[in-house]
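The structure appears right after this line, and notes come after that.
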Amino acid sequence: MSLEVEDRPSVEPTKQLKRQDSLYGDAEKVSSAKYHGSEGSWSRLLQLAFQSVGIIYGDVGTSPLYAISSTFPDGIKNRDDLLGVLSLILYTLILIPMVKYVFIVLYADDHGDGGTFALYSLISRHAKVRLIPNQQAEDAMVSNYGIETPSSQLRRAQWLKEKLESRMAAKISLFTITILGTSMVMGDGTLTPAISVLSAVSGIREKVPSLTETQVVWISVPILFALFSVQRYGTDKVGYSFAPIITVWFVLIAGIGMYNLVVHDIGVLRAFNPMYIVDYFRRNGKDGWISLGGVILCVTGTEGMYADLSHFNIQAIQISFNTVLFPSVALCYMGQTAYLRKFPEDVADTFFRSIPAPMFWPTFITAILSAIIASQAMLSGAFAILSKALSLGCFPSVQVIHTSKSYEGQVYIPEVNFLMGLASILVTITFRTTTEIGNAYGICVVTVFSITTHLTTIVMLLIWRKKFIFVFLFYIVFGSIELIYLSSILTKFAQADEVTALLKKHDVRRIPGVGLLYSDLVQGIPPVFPRLVQKIPSVHSVFLFMSIKHLPIPHVVPVERFLFRQVGPREHRMFRCVARYGYCDILEESALFKGFLMERLKMFIQDEAAFETNSTTEDSQTCSEGSACPIVPSGQSGNINSDLVEKEKQLIDAETELGVVYLMGEANVIAGPNSSLVKKVVVDYIYTFLRNNLTEGEKALSIPKDELLKVGITYEI
C-alpha cells in the first residue's frame, strides 16, 4: 500500500491524498465479468448443446422405458385409452418441460445460475427477505447486482416488496420452500441413480431369468459406486463421455418410433387432438385420475434443465431440447402407442417388445447404458444448487471444486457426492425394487415443479414486472396441472402397487386354499396384512380382503350383497370384497356364506372378462376409416377369454375344496412403562375389561373355530 501526494495548490488538501489499496482495486474489478456462454461463437454454443444432451436429458430421455407400462398397471381395458394417455403425455411434455422451463423459467437465472436457490437469491437482491443478516447497502453498488428502485408506476412490485420485507412469516415461508425445493433436488439426485441402475440391471433378467433379486441388487451396487466415482472429473469430461451414448439412444428410439408408426397404426397421430384427454377422463373417472401417477414419469428429470443452467446456458439448452430431446421422445411414445393398438397384451413390457428383432440387442445395450447415465442430470444440478446455497451462507462450509477453466459454473462437491452416493447405495440395498422408491421419486419431482412455479411467479411480479394477466395465467395453468399430478401421486387408493411391493419384498409364496382377511377398511390395505406377510411370508392361492358393511336400509337383495374389485395384477388372484347387509338382515351360516361368496366371485371374474371382450369388439368397430385396425378377431378373442375364465373358475373351485381360512386382526393396547397411574388403570384394566366382555368378531360372523386364524398386534401408548 502506498500514499501519493501531488503538489497542486489549486486542489483542496482533502483531495490531495488518494488511497491506493490492491485489495480495494481488485474488489472493484467485477464489471467486466463474463458468464460462460453469455458471449462466444456458434461453435462454443453447439459444443455446450452437445454436452447438455449427455448431462441433462438422460433421465427424461429414458422415461419411455417405463412411463406407459406404469400408466396401465392392470392392462388396457379400452384401446381408445391409449390415445387418451398418449395425448396426456404429449401435452405434458409440451407444457411442463418446453413451455414452462425452456421458454420461461430458464430466463429466471441469477447471473447464469439456475435452481431453487438461484430464484431465492434473485428475489433477495430485490427485496430484503433473507433470514441470515448478511445483506449490506454496499452490495447494491456492485455493477452486476442489478437492483432498481421501484417507480411510482410499478405499484404492484412495490406492494409485493413491502409485504415480503415487513412480514416475518413471508420471509420464513420463502426460505422454507426454497430449502424444501433444494432437499427435493437432493432427493432426486439420490433416488434417480438407484431407480435408473436397478431398472437397467433388472432388464437383464429378461434374457437371464435365473438372476435373483438379491443378485440384481449386488450387481447394481458397483455400478452405482462407479457412477459417483467419475463425478470428480467434472461436467466437461463427463458430458463429452456421456453425450455420444445418449445421442445414439435418441436416434434409436426416434427410428423405432417411426417404424412402429408406419407399420402398426399411423392413426395415433390423432392424439394431438386434446379431446382424447377429455374422453379418457370421462370414460375412466377416478381410475383415469390415479393413472396420472404413471403419466408424470414422462417428465422426470425436467428440473435438471434449470438446475444445470450454470453448467451450460439458455441457448444451448433450448437448442438441444427442441432439436433432439422432444422430437425423439415424442416419436418413441407415438410408436409405442401404435404398437399397443395392435398388441395391447404387451403393455407390461412395451418398450422392449416393440423393438424390431434385428435392432433388439443394440437397443437393449444402449438402453442399459442410457438408464445408468440418466442420473447425471440431477447429480450435476444438485452440485450447482448447493454451490449457490453455499454462496448465500445457507449451507455448511464444504469444498467446492471448479472442474472447468472455460465454464465457471461447472462445479463438483466431494463431500456431497460421497453422502449422496452412500445414500443411493443404501436405498438400493434396503428397498431392493423400484416400486417403493418410485413413489417417493414422483413426489420429489412434482414438489420441485410446484416450488419452482411459486418462486417464478414472485420473480415475474417483483423483478420482471410482467402484466398481471400473464402472471395469473402462468400461475393458474402450471399450478393447477402440478396440483392434479401431485394429488394423483399422493392418493391412498392405488393399493395394487402396495400389494405387489409387499409380495416381492418378502418373497411371499402362495399356499393352497382360500384366505379371507377381515377388516373394517373398505379401501386401502389393512395394517395387519403387512405384518402377516412379514412374519409368515405366505398367502393363500386365492385371497380376499373382506369387509362387512351395514347399510341404513332394512334389507339388501342377495344378488347385490357382494361388491368385488381386483387388487393388483390378475395373476395375483387377490380381490377386495365388501359384503353389504341391511339392519334387518341376518348374517348367513359359515357354509352358506362361503358357497354364496365363491359363486359371486366366479361371476365377477366372468363379468370382468366379458367387459374386456366387449371393449375389444367396440374398438374394432370404431377404428377410423382408411387406417389399419389390426386386432384379434372378436370371435377368437372371445374364445380365448372364455378359456381363461373357465380355468380361473375351476381353480377357485379346486382351492375352495382345499379349505377356506378366515384371518382376523386382533389389536391389543397397553400403557407404556413411563405412563401415569391413571393411564395404566384406564388402558390396562378398564379398556381390557370392556374388550374382553364385548362380543368377539368371529362369533358375530359365525366363523368355525377350526377355520379361524388370528393375527395379533400390540400397540403401546
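Ordering of the C-alpha cells sets the chain letters (A, B, ...), residue numbers begin anew at 1 in every chain, and ligands are numbered from 1 in the order given.
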
- Write out as number ranges by chain which residues come within 8 Å of A:Val105 when counting only C-alpha atoms, dropping same-chain ones fewer than 4 positions away. A: 100-101, 109, 306, 456

Output of the above residues as a PDB file, in the first residue's frame, restricted to N, CA, C and O atoms:
```pdb
ATOM      1  N   LYS A 100     -42.993 -24.223 -19.964  1.00  0.00           N
ATOM      2  CA  LYS A 100     -42.680 -23.670 -18.648  1.00  0.00           C
ATOM      3  C   LYS A 100     -41.179 -23.477 -18.455  1.00  0.00           C
ATOM      4  O   LYS A 100     -40.727 -22.382 -18.091  1.00  0.00           O
ATOM      5  N   TYR A 101     -40.399 -24.536 -18.656  1.00  0.00           N
ATOM      6  CA  TYR A 101     -38.974 -24.466 -18.321  1.00  0.00           C
ATOM      7  C   TYR A 101     -38.134 -23.855 -19.441  1.00  0.00           C
ATOM      8  O   TYR A 101     -37.392 -22.890 -19.214  1.00  0.00           O
ATOM      9  N   ASP A 109     -32.711 -16.677 -14.311  1.00  0.00           N
ATOM     10  CA  ASP A 109     -31.398 -17.108 -13.832  1.00  0.00           C
ATOM     11  C   ASP A 109     -30.765 -16.009 -12.979  1.00  0.00           C
ATOM     12  O   ASP A 109     -31.073 -14.829 -13.134  1.00  0.00           O
ATOM     13  N   TYR A 306     -33.066 -26.783 -15.510  1.00  0.00           N
ATOM     14  CA  TYR A 306     -32.919 -25.491 -14.845  1.00  0.00           C
ATOM     15  C   TYR A 306     -31.785 -25.515 -13.830  1.00  0.00           C
ATOM     16  O   TYR A 306     -30.983 -24.584 -13.748  1.00  0.00           O
ATOM     17  N   THR A 456     -41.052 -18.605  -9.261  1.00  0.00           N
ATOM     18  CA  THR A 456     -41.008 -17.885 -10.542  1.00  0.00           C
ATOM     19  C   THR A 456     -42.128 -16.855 -10.622  1.00  0.00           C
ATOM     20  O   THR A 456     -41.956 -15.775 -11.213  1.00  0.00           O
TER      21      THR A 456
END
```

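Residues with any atom within 6 Å of stretch 176-189 of chain A, counting only C-alpha atoms and excluding same-chain neighbours fewer than 5 positions away, are Thr116, Met378, Leu379, Ala382, Cys444 and Val448 of chain A.
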
- Compile the contact shell of A:Tyr91 as an MDAnalysis selection string: residues with an atom at most 12 Å away, counting only C-alpha atoms, same-chain residues fewer than 2 positions apart removed. chainID A and resid 84:89 93:100 271:277 295:296 298:299 326 330 481

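Closest approach to A:Ser310 among A:Asp110, A:Glu213, A:Glu648, A:Glu657 is made by A:Asp110 (distances from only C-alpha atoms).
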
- Item | Shell of 7 Å around stretch 459-471 of chain A, only C-alpha atoms, local chain residues under 5 positions omitted, as a list in words |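 Near stretch 459-471 of chain A, the qualifying residues are Ile123, Ala157, Leu160 and Lys161 of chain A.
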